[in-house]
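S.K.: Pasting a structure below so you can have a look.
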2 protein chains.
Amino acid sequence: MSLLVQKYGGTSVGSIEKIRDVAERVIEYHKDGSKMVVVLSAMSGQTDALIKLAHEMIVVPDSRELDVLMSTGEQVSVALFAMAVKSMGYDASSLLGFQVSIQTDHIYGKARIQEIETGRILKELEQNRIVAVAGFQGMDEHGNITTLGRGGSDTTAVALAAALNADVCEIFTDVDGVYTADPNVCPKARKLDAISYEEMLELSSAGAKVLEIRSVEFAKKFNVPIHVRSTFTKERGTMVVAETKDMEKVLVSGVALNKNEARITIKKVPDQPGIAAQIFEPVFQAGIVVDMIVQNTSEEGLTDLTFTVLKPDFLSTMKLVREVAKKIGAEKVLGDENIAKVSIVGVGMRTHAGVAQKMFWALAKENINIMMISTSEIKVSCVIEEKYKELAVRVLHEAFGLENDQSGK
Amino acid sequence: MSLLVQKYGGTSVGSIEKIRDVAERVIEYHKDGSKMVVVLSAMSGQTDALIKLAHEMIVVPDSRELDVLMSTGEQVSVALFAMAVKSMGYDASSLLGFQVSIQTDHIYGKARIQEIETGRILKELEQNRIVAVAGFQGMDEHGNITTLGRGGSDTTAVALAAALNADVCEIFTDVDGVYTADPNVCPKARKLDAISYEEMLELSSAGAKVLEIRSVEFAKKFNVPIHVRSTFTKERGTMVVAETKDMEKVLVSGVALNKNEARITIKKVPDQPGIAAQIFEPVFQAGIVVDMIVQNTSEEGLTDLTFTVLKPDFLSTMKLVREVAKKIGAEKVLGDENIAKVSIVGVGMRTHAGVAQKMFWALAKENINIMMISTSEIKVSCVIEEKYKELAVRVLHEAFGLENDQSGK
C-alpha cells in the first residue's frame with residue numbers, strides 16, 4: 001500500500017468551494033488505496049490579513065507572538081478540510097505542528113525542522129483516516145509555536161514525506177510543473193518531465209519560483225521524490241529527483257531569470273589582503289544577503305569590486321558601502337538597479353565543455369552586453385541590462401534547443 | 001506579592017485599539033507589583049465569523065474539527081495582546097491551552113477542565129512577564145484541542161485562579177457588576193457590593209447573564225473570590241464570594257428574568273409508577289435540558305404534568321412528547337411559548353419564612369397570574385404570561401425593597 005504526502009498551496013484552498021474540491025481529489029486517492037497525508041497552507045489572503053493585523057498593532061511585532069498569530073492561518077485550513085472530508089463520508093483528522101509533533105529550532109519566523117515524530121500520524125492512518133497536517137508550523141523544545149518562513153509548507157510536506165518514508169511528495173500548485181523557462185516570457189517554454197535536485201536548487205536560487213529552496217534541499221538530503229503538479233488538472237507534472245544517467249545527456253535543462261537584484265561597484269579599491277572582508281563586514285552585519293561577487297584582476301595595485309544584492313536591500317547597502325569605501329580610500333561607489341540576471345542550468349554542463357561560451361555568443365549575437373558573470377558546476381549566470389531580459393531568455397532557450405525534448409526518451 | 005487573574009471578554013478586546021487599552025490597564029497592575037495572568041476571549045465577532053465559515057462548509061460540522069477552528073479566535077487575541085504589551089516596553093508571553101497545559105475531558109465543544117499545570121505560567125511570571133492565556137480552550141489526554149463552550153473563558157479564568165492560588169479572579173465585562181435586577185427592565189436596580197456563590201448560581205440559572213454558570217460552580221468549589229467589573233471604568237464592581245453572616249440578613253438579593261423558556265403540558269396522564277420516567281426518556285435521550293417540572297396531585301388516577309424547556313428546543317420536544325403521550329394514553333399535549341420565568345434569589349430565605357408568600361401576593365396585586373411555581377432553598381421561581389414580565393420584575397424589586405441597601409453596611 002502506497003503512502004502519499006500531498007501539499008496544497010494557498011490558492012488551492014482559497015475558498016470553501018476550493019477546499020471541497022481538494023477534499024474530493026484527496027478522497028479519490030484514498031479510495032484507490034493510498035494512505036493520504038495532506039499538508040495545507042493558509043487560505044490565500046489569510047496570511048497577508050494576519051500580517052496586516054499585527055502591523056496595525058505595532059510596526060515591528062514581536063517575533064514569538066507573530067508566529068502564534070500566523071500559525072492560525074493553517075489551523076483554519078486543516079480544520080475546514082477535515083470537516084469537508086468527513087461531510088463526504090470519509091474519516092479525517094487535522095493535526096497541528098505540536099500535535100504531530102514537528103520539532104524545530106527556536107528561530108521564530110524561519111525555524112528549521114529538526115525532528116518529526118511519526119507515531120500520531122501513523123496511528124491516524126491505521127484508523128483509515130485521511131490526515132491533514134498544518135503546514136508552515138512547528139514547535140521548539142520549550143513548546144513554543146514556530147513558523148518556517150514563507151513557502152514553509154513545501155518544507156513541511158517534504159520533511160513529512162522523508163520521515164514517513166512516503167513513496168512521493170506531491171506539491172500541488174497553480175502551475176502544472178517546472179518549465180524550461182517562464183512561459184510568460186518565453187512562449188516556446190516546455191514542461192520538463194523530470195529535473196534533478198541540483199538543477200532545481202540552481203533554478204530556484206536563480207529566480208524560478210516553483211518550489212521553496214529549503215524544501216528542495218530537504219528532498220535532496222533525504223532523497224524524497226517531489227512531484228510538482230497543478231491543482232486544477234489531473235495531468236502529470238514534473239518529477240524532481242536524484243540525478244540519473246539520462247539527465248547528463250541534456251546540456252541545459254532550463255533558463256531562469258531574476259529581476260530582483262541590483263548591482264553595486266566599488267571603483268579602484270586598494271588591492272591588499274583583507275580588503276574584501278573589510279568591505280563586506282558591515283553588509284553581513286546588517287543581515288544583507290550578497291549574491292554574485294566579482295573582483296577584477298588588479299591593475300597598479302587597484303581593483304574594482306562588483307556585487308549584487310536584492311533590490312529591497314539596495315539603498316541600505318549603498319549607504320553602508322559608501323561609508324566603508326571612504327574609510328579604505330576607494331575612488332567611488334556606483335549603483336545600478338536596472339539589471340537582470342539570466343542563468344542557464346543543467347547537470348550536463350559538468351561533462352561538456354563550451355556551454356558558457358555558447359551562452360556568451362548567443363547573447364553577443366543580439367548585442368546584449370554582459371556586465372557580470374558567475375559560474376557554478378551546473379549553472380552559468382550573466383548580469384545584463386534589464387531591458388534585454390525577455391529577449392535574453394528567448395535567445396538562450398533557442399540556442400540550447402530547449403523547445404525540443406533532448407532526453408531521447 | 002499578589003497574583004491576579006483577569007479575564008477580558010470579546011467586546012473588551014474587540015479591536016486593535018481596545019486590545020491596546022487592555023494592555024495599558026494590565027501594565028498598570030503589573031507596575032503596582034502584581035503578578036498578572038490575563039485570560040482573553042476571541043475578538044468580538046470573530047467567534048461568529050468562524051462558526052459561519054464552518055457552516056458554509058457543512059450544516060453540522062465535525063465537533064473535533066470545529067474546536068480546532070474555533071480555538072484560533074483566542075489564539076489571535078493573546079498573540080496581539082502580547083505584542084501590544086511588548087510594544088509598550090514590558091515583557092509578555094502568550095500561552096495556548098496546550099502550552100499551559102489545561103487538561104480537559106474529550107467532550108468537544110463543551111469540555112470540562114480536569115487539571116491545570118502551573119509550571120509554565122509560574123516560570124513566565126518569575127521572568128517578570130505578563131502572561132496571556134487563551135481562554136475557552138484546552139487539550140484532552142490525546143493532545144486533541146477542546147473548547148469549553150460559550151462563555152468558557154470565564155471558566156478558564158476561575159480555574160487558573162484556583163490552580164495558581166490567586167488572590168482574586170477579576171472578570172472584566174461590559175457591565176459594571178451584578179445588579180439586583182436587569183437595569184434595562186428595572187430602572188431602580190442597584191449594583192450589589194457582594195453576592196454569594198449560591199445566589200450567583202441561582203441568578204445565573206434563573207436568567208442573569210453576567211457569569212457563565214460553570215465558572216461560578218468552579219469558584220465555589222475552590223473558594224475563588226470573583227470580582228465582576230467593567231472594562232471601561234476603574235470602579236469597584238461586585239464580589240462573588242463564599243456566604244457570610246451578613247448576607248443572611250438580606251431576604252432577597254436579586255430578581256432574575258428568563259425569557260428563553262417554553263412550557264409543555266401533558267393533560268390527563270395515567271398516574272402510575274414509572275410514568276414520568278417514560279415521558280422524559282426520549283427528551284433526555286435527545287439531549288434536551290428540562291428546567292422546571294411540576295406534577296399536580298392525582299384526580300381519579302389521572303394527573304397533569306407540566307415542564308419547561310429552552311425555546312430553541314420547544315418544537316422538537318413537542319414532537320417527542322406527542323409521540324410518547326399517544327403511547328401512554330394521555331389526553332393531549334399543550335404548548336406555550338409566551339411565558340416568562342421570574343425568580344427571587346437570596347440566602348436569607350433559608351432562615352425566613354413567608355418569602356414565597358410575599359412574592360405571590362405582590363404578583364397577585366397586579367393581577368399577574370402564576371402558571372407554575374418551583375422553589376429551591378434560596379430561590380422561588382414563577383412562570384407567568386410573557387407580557388407581564390417587566391412589570392413582574394419591577395413589582396418584586398419594590399416588594400422586597402431592593403432599591404435600598406439592606407445589608408446594614
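Letters for chains follow the order of the C-alpha cells (A, B, ...), residue numbers begin at 1 for each chain, and ligand numbers begin at 1 in the order shown.
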Taking only C-alpha atoms into account, produce a table as CSV in which each residue of chain A with an atom at most 7 Å from an atom of chain B appears once, together with its shortest atom pair and the distance in Å to one decimal, ordered by chain and rising number.
M.R.:
residue,atom,partner,partner_atom,distance
A:Ile16,CA,B:Met57,CA,6.0
A:Ala54,CA,B:Leu80,CA,6.7
A:Met57,CA,B:Ile16,CA,6.1
A:Ile58,CA,B:Ser87,CA,6.6
A:Pro61,CA,B:Met83,CA,6.0
A:Asp62,CA,B:Met83,CA,5.7
A:Glu65,CA,B:Ala79,CA,4.9
A:Leu66,CA,B:Ala79,CA,6.8
A:Val68,CA,B:Ala79,CA,5.9
A:Leu69,CA,B:Val76,CA,5.3
A:Thr72,CA,B:Thr72,CA,5.5
A:Gln75,CA,B:Leu69,CA,6.7
A:Val76,CA,B:Leu69,CA,5.3
A:Ala79,CA,B:Glu65,CA,4.9
A:Leu80,CA,B:Ala54,CA,6.6
A:Ala82,CA,B:Glu65,CA,6.7
A:Met83,CA,B:Asp62,CA,5.7
A:Ala84,CA,B:Met57,CA,6.5
A:Ser87,CA,B:Ile58,CA,6.6
A:Gln99,CA,B:Gly143,CA,6.4
A:Gly143,CA,B:Gln99,CA,6.4
S.K.: Write the residues you've just listed into a file as a PDB file, in the first residue's frame, and include C-alpha atoms for each of them.
M.R.:
ATOM      1  CA  ILE A  16     -14.788  26.842   0.964  1.00  0.00           C
ATOM      2  CA  ALA A  54      -0.039  42.535  13.527  1.00  0.00           C
ATOM      3  CA  MET A  57      -0.731  46.762  16.419  1.00  0.00           C
ATOM      4  CA  ILE A  58       2.951  47.592  16.053  1.00  0.00           C
ATOM      5  CA  PRO A  61       5.717  42.819  16.002  1.00  0.00           C
ATOM      6  CA  ASP A  62       7.379  40.522  18.487  1.00  0.00           C
ATOM      7  CA  GLU A  65       3.877  36.299  19.074  1.00  0.00           C
ATOM      8  CA  LEU A  66       3.845  36.826  15.312  1.00  0.00           C
ATOM      9  CA  VAL A  68       1.469  32.388  17.356  1.00  0.00           C
ATOM     10  CA  LEU A  69      -0.706  34.675  15.236  1.00  0.00           C
ATOM     11  CA  THR A  72      -3.750  30.240  12.977  1.00  0.00           C
ATOM     12  CA  GLN A  75      -5.045  25.793  11.554  1.00  0.00           C
ATOM     13  CA  VAL A  76      -8.205  27.169   9.937  1.00  0.00           C
ATOM     14  CA  ALA A  79      -9.954  22.134  10.316  1.00  0.00           C
ATOM     15  CA  LEU A  80     -12.147  23.108   7.352  1.00  0.00           C
ATOM     16  CA  ALA A  82     -11.124  17.702   7.705  1.00  0.00           C
ATOM     17  CA  MET A  83     -14.754  18.868   8.045  1.00  0.00           C
ATOM     18  CA  ALA A  84     -15.105  18.677   4.264  1.00  0.00           C
ATOM     19  CA  SER A  87     -19.025  15.606   5.309  1.00  0.00           C
ATOM     20  CA  GLN A  99       0.342  17.546  17.671  1.00  0.00           C
ATOM     21  CA  GLY A 143       6.637  24.016  23.387  1.00  0.00           C
TER      22      GLY A 143
END
S.K.: Which residues, written as a PyMOL selection string, have at least one atom at most 12 Å from Ala356 (chain A), with only C-alpha atoms counted and residues fewer than 3 positions away on the same chain left out?
M.R.: chain A and resi 251-252+343-346+349-350+352-353+359-363+373-382+396+399-400
S.K.: Apply DSSP to the structure's backbone, then extract all residues of region 197-244 of chain A labelled helix (DSSP H, G or I) and return them as a list of chain:residue names.
M.R.: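 Of region 197-244 of chain A, the ones in helix (DSSP H, G or I) are A:Tyr197, A:Glu198, A:Glu199, A:Met200, A:Leu201, A:Glu202, A:Leu203, A:Ser204, A:Ser205, A:Ile213, A:Arg214, A:Ser215, A:Val216, A:Glu217, A:Phe218, A:Ala219, A:Lys220, A:Lys221, A:Phe222.
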S.K.: Deliver the residues from the most recent selection as a file, using C-alpha atoms, as a PDB file, in the first residue's frame.
M.R.:
ATOM      1  CA  TYR A 197      17.517  18.252  -7.169  1.00  0.00           C
ATOM      2  CA  GLU A 198      20.704  20.145  -8.023  1.00  0.00           C
ATOM      3  CA  GLU A 199      19.192  21.731 -11.094  1.00  0.00           C
ATOM      4  CA  MET A 200      16.026  22.626  -9.197  1.00  0.00           C
ATOM      5  CA  LEU A 201      18.125  24.253  -6.477  1.00  0.00           C
ATOM      6  CA  GLU A 202      20.062  26.303  -9.007  1.00  0.00           C
ATOM      7  CA  LEU A 203      16.882  27.254 -10.864  1.00  0.00           C
ATOM      8  CA  SER A 204      15.202  28.285  -7.596  1.00  0.00           C
ATOM      9  CA  SER A 205      18.139  30.386  -6.473  1.00  0.00           C
ATOM     10  CA  ILE A 213      14.537  26.306  -1.926  1.00  0.00           C
ATOM     11  CA  ARG A 214      14.752  24.712   1.539  1.00  0.00           C
ATOM     12  CA  SER A 215      12.196  22.090   0.602  1.00  0.00           C
ATOM     13  CA  VAL A 216      14.420  21.054  -2.323  1.00  0.00           C
ATOM     14  CA  GLU A 217      17.475  20.882  -0.067  1.00  0.00           C
ATOM     15  CA  PHE A 218      15.486  18.690   2.291  1.00  0.00           C
ATOM     16  CA  ALA A 219      14.297  16.453  -0.539  1.00  0.00           C
ATOM     17  CA  LYS A 220      17.840  16.095  -1.820  1.00  0.00           C
ATOM     18  CA  LYS A 221      19.213  15.263   1.619  1.00  0.00           C
ATOM     19  CA  PHE A 222      16.648  12.508   2.221  1.00  0.00           C
TER      20      PHE A 222
END
S.K.: Might you pull out every residue within 9 Å of Val39 (chain B), with only C-alpha atoms counted and same-chain residues fewer than 6 positions away left off, and present them as number ranges by chain?
M.R.: B: 5-9, 78, 131-135, 153-154, 156-157, 160
S.K.: Go through A:Lys387, A:Arg263, A:Ser298, A:Asp405 one by one, measure the shortest atom-to-atom distance of each to Met371 (chain A) using only C-alpha atoms, and give the residue with the smallest value.
M.R.: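 Counting only C-alpha atoms, the residue closest to Met371 (chain A) is A:Arg263.
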S.K.: For a test of reading the model, state the distance in Å between CA of Cys169 (chain B) and CA of Tyr108 (chain B), rounded to one decimal.
M.R.: 25.7 Å
S.K.: Name the closest residue to Asp167 (chain A) among the candidates A:Val395, A:Val333, A:Ile370, A:Leu3; distances are taken between atoms, counting only C-alpha atoms.
M.R.: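 Of A:Val395, A:Val333, A:Ile370, A:Leu3, the one nearest Asp167 (chain A) is A:Leu3, counting only C-alpha atoms.
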S.K.: Looking only at strand (DSSP E) from DSSP on the backbone, list the matching residues of region 125-339 of chain A as a PyMOL selection string.
M.R.: chain A and resi 130-134+137-139+145-147+168-173+194-196+226-230+238-241+254-258+261-270+290-295+302-310+332-336+339
S.K.: Give the answer as one residue: which of A:Ile171, A:Ile130, A:Ile107, A:Ala49 has the shortest atom-to-atom distance to Ile27 (chain A), using only C-alpha atoms?
M.R.: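 Nearest candidate to Ile27 (chain A) out of A:Ile171, A:Ile130, A:Ile107, A:Ala49: A:Ile130.
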S.K.: I want to know what sits within 10 Å of Glu385 (chain A), based on only C-alpha atoms, with residues of the same chain fewer than 5 positions away left out; could you give that as a PDB file with C-alpha atoms, in the first residue's frame?
M.R.:
ATOM      1  CA  ASP A 336      22.618  50.187 -10.774  1.00  0.00           C
ATOM      2  CA  GLU A 337      19.111  48.863 -10.224  1.00  0.00           C
ATOM      3  CA  ASN A 338      18.328  48.357 -13.890  1.00  0.00           C
ATOM      4  CA  ILE A 339      19.864  44.936 -14.221  1.00  0.00           C
ATOM      5  CA  ALA A 340      18.637  41.393 -14.632  1.00  0.00           C
ATOM      6  CA  LYS A 341      20.317  38.055 -14.158  1.00  0.00           C
ATOM      7  CA  ILE A 368      23.309  42.084 -25.287  1.00  0.00           C
ATOM      8  CA  ASN A 369      26.229  43.246 -23.194  1.00  0.00           C
ATOM      9  CA  ILE A 370      27.300  41.043 -20.284  1.00  0.00           C
ATOM     10  CA  MET A 371      28.080  43.051 -17.150  1.00  0.00           C
ATOM     11  CA  ALA A 392      17.902  37.091 -23.418  1.00  0.00           C
TER      12      ALA A 392
END
S.K.: What is the distance between CA of Phe307 (chain A) and CA of Ile288 (chain A), in Å to one decimal?
M.R.: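 Computed distance, CA of Phe307 (chain A) to CA of Ile288 (chain A), equals 12.1 Å.
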S.K.: Pick out the residues sitting within 7 Å of Glu115 (chain A), and hand them over as an MDAnalysis selection string; count only C-alpha atoms, and ignore anything fewer than 2 positions along from it in its own chain.
M.R.: chainID A and resid 102:104 113 117
S.K.: List the neighbours of Gly151 (chain B) out to 8 Å using only C-alpha atoms; skip same-chain residues closer than 3 positions along the sequence, and give me the result as a PyMOL selection string.
M.R.: chain B and resi 136+148+154-155+211-212
S.K.: What lies within 12 Å of Lys319 (chain B) using only C-alpha atoms, ignoring chain neighbours under 6 positions off, as a count of residues only?
M.R.: 10
S.K.: Hey, can you check how far CA of Thr118 (chain A) sits from CA of Leu164 (chain A)?
M.R.: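 Answer for the CA of Thr118 (chain A) to CA of Leu164 (chain A) separation: 6.6 Å.
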S.K.: Which residue gives the smallest distance to Val178 (chain B) among B:Arg236, B:Arg322, B:Lys123, B:Arg129, with only C-alpha atoms counted?
M.R.: B:Arg236
S.K.: Select, from B:Ala159, B:Ile293, B:Val26, B:Met318, the residue with the minimum atom-to-atom distance to Phe172 (chain B), counting only C-alpha atoms.
M.R.: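 Residue with the minimum atom-to-atom distance to Phe172 (chain B): B:Val26.
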